Amino acid sequence: MVNVAVIGSGFMGRTYAECLKRYSNGGGLAAIHGGRRADQLAKDYEVESIVTYEQVLARPDIHAVLIATPQTLHLQQVTAAAKAGKHVLVEKPMALNRTECETMVRACRDAGVNLAVIQTWRFRGTVARGKELINAGRIGELRMIQLRTMFPKAVLGGKPWIEEDDSGGMILDQGSHNFDFLRFYSGSEATRVFGRIQDYGKNSFPYPSAMAQVEFASGVMGQTWMTYELPQPGIANTAFRALVVGSTGMLDIDGYGQLNVAVDGKPWELFWEQPAIDFKNQPLGPSRLEAFYTQVQDFIDSIREGRPPAVTGEDGMAAIELIDAVRQSSATGQAVEMNLR
């Protein structure tokens, strides 16, 4: 059994506690640490609330930590866990910049522990099935990808640190999803990035709008448009909406709705539809949790099987590298050439 301590007791801490307690096989929830709600969360899930992080890491019966804390803490917490010989699953964004990511990757590699990064969109139903269709050659040779995440405003919920400039703002918080998606779908590394970050003054948090164009080594062109500054009433079905174009077909992917497919000149057809997610009344319902518990299970399995996780530290770092490139491009007005690993 892989015993996992959840670090952080906010909305996402409860999310992962539920996944580990109710859905995991071969592993489970061992303890809770961190945050003002830790004692109550531990009581709710009938596990121990551990006072200090050092005490968590000193426990030989705890094999891994799942870090669901603000990104400003990730570098310190991940490297400490690696030094203690604990496997790590860390929430996105992995860190504040590439340098921090590189330090985390090296620390876990040197310690011989697994480092995985939460990227639940890879495991969400429409996105996962769309990737399977691409891999199966259903739309031919991949050519272009566009992803839009567009809102009238951001619901900060349990993440007030997003309002702090030092936390990287929305370009980091949402961008870690968007750029991972582009890289995951392209199946290739980025070679060139051009982007622009804007703040039109409608929100209290920094960097709320961005556009970026990414060229990949495979020849695929990727584009993402993210904003939390749309006029009301906003645009329907753009919370996570992707258009994927191949040589013989296309995918229209609504992360919270339908996956539609058009191939070989035929009309659009519904391939699969995401069951409704009730964030307000059933935040721990299986429709929302499926992507989370699927990735948590992969993390547990990777430890038990002695293999890399599905989303590695290097994957998490690649998304942050692209965000760094957009920041640089926006500051200079020039495209940024990427250094391929």
# chains A, B, ... in the order shown; residues from 1 in each chain; ligands from 1
$ closest_atom_pairs --of "range 101-148 of chain A" --to "range 313-334 of chain A" --cutoff "6 Å" --atoms "only C-alpha atoms" --output "CSV"
residue,atom,partner,partner_atom,distance
A:Cys101,CA,A:Met317,CA,5.4
A:Val105,CA,A:Gly313,CA,5.7
A:Leu115,CA,A:Gly313,CA,5.4
A:Ala116,CA,A:Gly313,CA,5.4
A:Val117,CA,A:Gly316,CA,5.7
$ select_by_dssp --residues "range 41-155 of chain A" --states "strand (DSSP E or B)" --output "count of residues only"
22
$ closest_residue --among "A:Arg241, A:Lys43, A:Arg37, A:Arg143" --to "Met12 in chain A" --atoms "only C-alpha atoms"
A:Arg37
$ select_by_dssp --residues "range 39-175 of chain A" --states "alpha helix (DSSP H)" --output "ChimeraX atom specification"
/A:39-44,53-58,74-83,98-111,125-135,169-173,175
$ write_last_selection --atoms "C-alpha atoms" --output "mmCIF file, in the first residue's frame"
data_model
loop_
_atom_site.group_PDB
_atom_site.id
_atom_site.type_symbol
_atom_site.label_atom_id
_atom_site.label_comp_id
_atom_site.auth_asym_id
_atom_site.auth_seq_id
_atom_site.Cartn_x
_atom_site.Cartn_y
_atom_site.Cartn_z
ATOM 1 C CA ASP A 39 -7.947 19.343 11.670
ATOM 2 C CA GLN A 40 -11.520 19.280 10.395
ATOM 3 C CA LEU A 41 -10.548 17.701 7.080
ATOM 4 C CA ALA A 42 -8.602 14.984 8.878
ATOM 5 C CA LYS A 43 -11.571 14.375 11.175
ATOM 6 C CA ASP A 44 -13.948 14.151 8.212
ATOM 7 C CA TYR A 53 5.614 19.277 7.521
ATOM 8 C CA GLU A 54 8.820 18.011 9.089
ATOM 9 C CA GLN A 55 6.774 15.500 11.079
ATOM 10 C CA VAL A 56 5.083 14.313 7.893
ATOM 11 C CA LEU A 57 8.410 13.751 6.172
ATOM 12 C CA ALA A 58 9.877 11.976 9.194
ATOM 13 C CA HIS A 74 6.049 24.198 -4.156
ATOM 14 C CA LEU A 75 9.819 24.520 -4.558
ATOM 15 C CA GLN A 76 10.500 24.289 -0.841
ATOM 16 C CA GLN A 77 7.973 21.531 -0.188
ATOM 17 C CA VAL A 78 8.931 19.332 -3.139
ATOM 18 C CA THR A 79 12.670 19.506 -2.540
ATOM 19 C CA ALA A 80 12.192 18.754 1.174
ATOM 20 C CA ALA A 81 10.036 15.743 0.318
ATOM 21 C CA ALA A 82 12.651 14.454 -2.133
ATOM 22 C CA LYS A 83 15.379 14.796 0.477
ATOM 23 C CA ARG A 98 11.604 27.125 -15.172
ATOM 24 C CA THR A 99 14.511 27.531 -12.751
ATOM 25 C CA GLU A 100 12.378 26.381 -9.829
ATOM 26 C CA CYS A 101 11.025 23.476 -11.873
ATOM 27 C CA GLU A 102 14.502 22.367 -12.828
ATOM 28 C CA THR A 103 15.577 22.345 -9.178
ATOM 29 C CA MET A 104 12.555 20.224 -8.247
ATOM 30 C CA VAL A 105 13.129 17.749 -11.079
ATOM 31 C CA ARG A 106 16.790 17.364 -10.192
ATOM 32 C CA ALA A 107 16.068 16.881 -6.480
ATOM 33 C CA CYS A 108 13.569 14.086 -7.140
ATOM 34 C CA ARG A 109 15.770 12.452 -9.761
ATOM 35 C CA ASP A 110 18.778 12.455 -7.440
ATOM 36 C CA ALA A 111 16.658 11.016 -4.608
ATOM 37 C CA GLY A 125 -13.274 12.561 -20.836
ATOM 38 C CA THR A 126 -13.505 14.645 -24.014
ATOM 39 C CA VAL A 127 -9.806 15.550 -24.000
ATOM 40 C CA ALA A 128 -8.580 12.009 -23.313
ATOM 41 C CA ARG A 129 -10.820 10.563 -26.032
ATOM 42 C CA GLY A 130 -9.773 13.238 -28.497
ATOM 43 C CA LYS A 131 -6.126 12.353 -27.937
ATOM 44 C CA GLU A 132 -6.933 8.685 -28.537
ATOM 45 C CA LEU A 133 -8.545 9.592 -31.878
ATOM 46 C CA ILE A 134 -5.441 11.554 -32.893
ATOM 47 C CA ASN A 135 -3.137 8.692 -31.924
ATOM 48 C CA GLY A 169 -1.439 35.647 -11.956
ATOM 49 C CA MET A 170 -3.734 33.999 -14.465
ATOM 50 C CA ILE A 171 -1.088 33.545 -17.157
ATOM 51 C CA LEU A 172 0.550 31.068 -14.784
ATOM 52 C CA ASP A 173 -2.531 29.538 -13.170
ATOM 53 C CA GLY A 175 -1.593 28.927 -18.712
#
$ closest_residue --among "A:Leu259, A:Met94, A:Val113, A:Ile118" --to "Ser302 in chain A" --atoms "only C-alpha atoms"
A:Val113
$ residues_around --residues "Gly257 in chain A" --least-positions-apart "4" --cutoff "10 Å" --atoms "only C-alpha atoms" --output "list in words"
Gly125, Thr126, Asn237, Phe240, Arg241, Ile253, Trp272, Glu273, Gln274, Pro275, Ala276 and Ile277 of chain A
$ write_last_selection --atoms "C-alpha atoms" --output "PDB file, in the first residue's frame"
ATOM      1  CA  GLY A 125     -13.274  12.561 -20.836  1.00  0.00           C
ATOM      2  CA  THR A 126     -13.505  14.645 -24.014  1.00  0.00           C
ATOM      3  CA  ASN A 237     -18.985  26.866 -24.032  1.00  0.00           C
ATOM      4  CA  PHE A 240     -12.152  24.969 -22.236  1.00  0.00           C
ATOM      5  CA  ARG A 241     -12.848  24.783 -25.976  1.00  0.00           C
ATOM      6  CA  ILE A 253     -13.664  19.592 -27.993  1.00  0.00           C
ATOM      7  CA  TRP A 272     -18.850  11.472 -26.622  1.00  0.00           C
ATOM      8  CA  GLU A 273     -20.395  13.856 -24.124  1.00  0.00           C
ATOM      9  CA  GLN A 274     -19.166  14.722 -20.643  1.00  0.00           C
ATOM     10  CA  PRO A 275     -21.758  13.998 -17.925  1.00  0.00           C
ATOM     11  CA  ALA A 276     -22.861  17.230 -16.286  1.00  0.00           C
ATOM     12  CA  ILE A 277     -20.657  18.526 -13.455  1.00  0.00           C
TER      13      ILE A 277
END
$ residues_around --residues "Val6 in chain A" --least-positions-apart "5" --cutoff "12 Å" --atoms "only C-alpha atoms" --output "PyMOL selection string"
chain A and resi 11-21+28-35+38+41-42+45+47-50+53+56-57+62-69+88-91+296
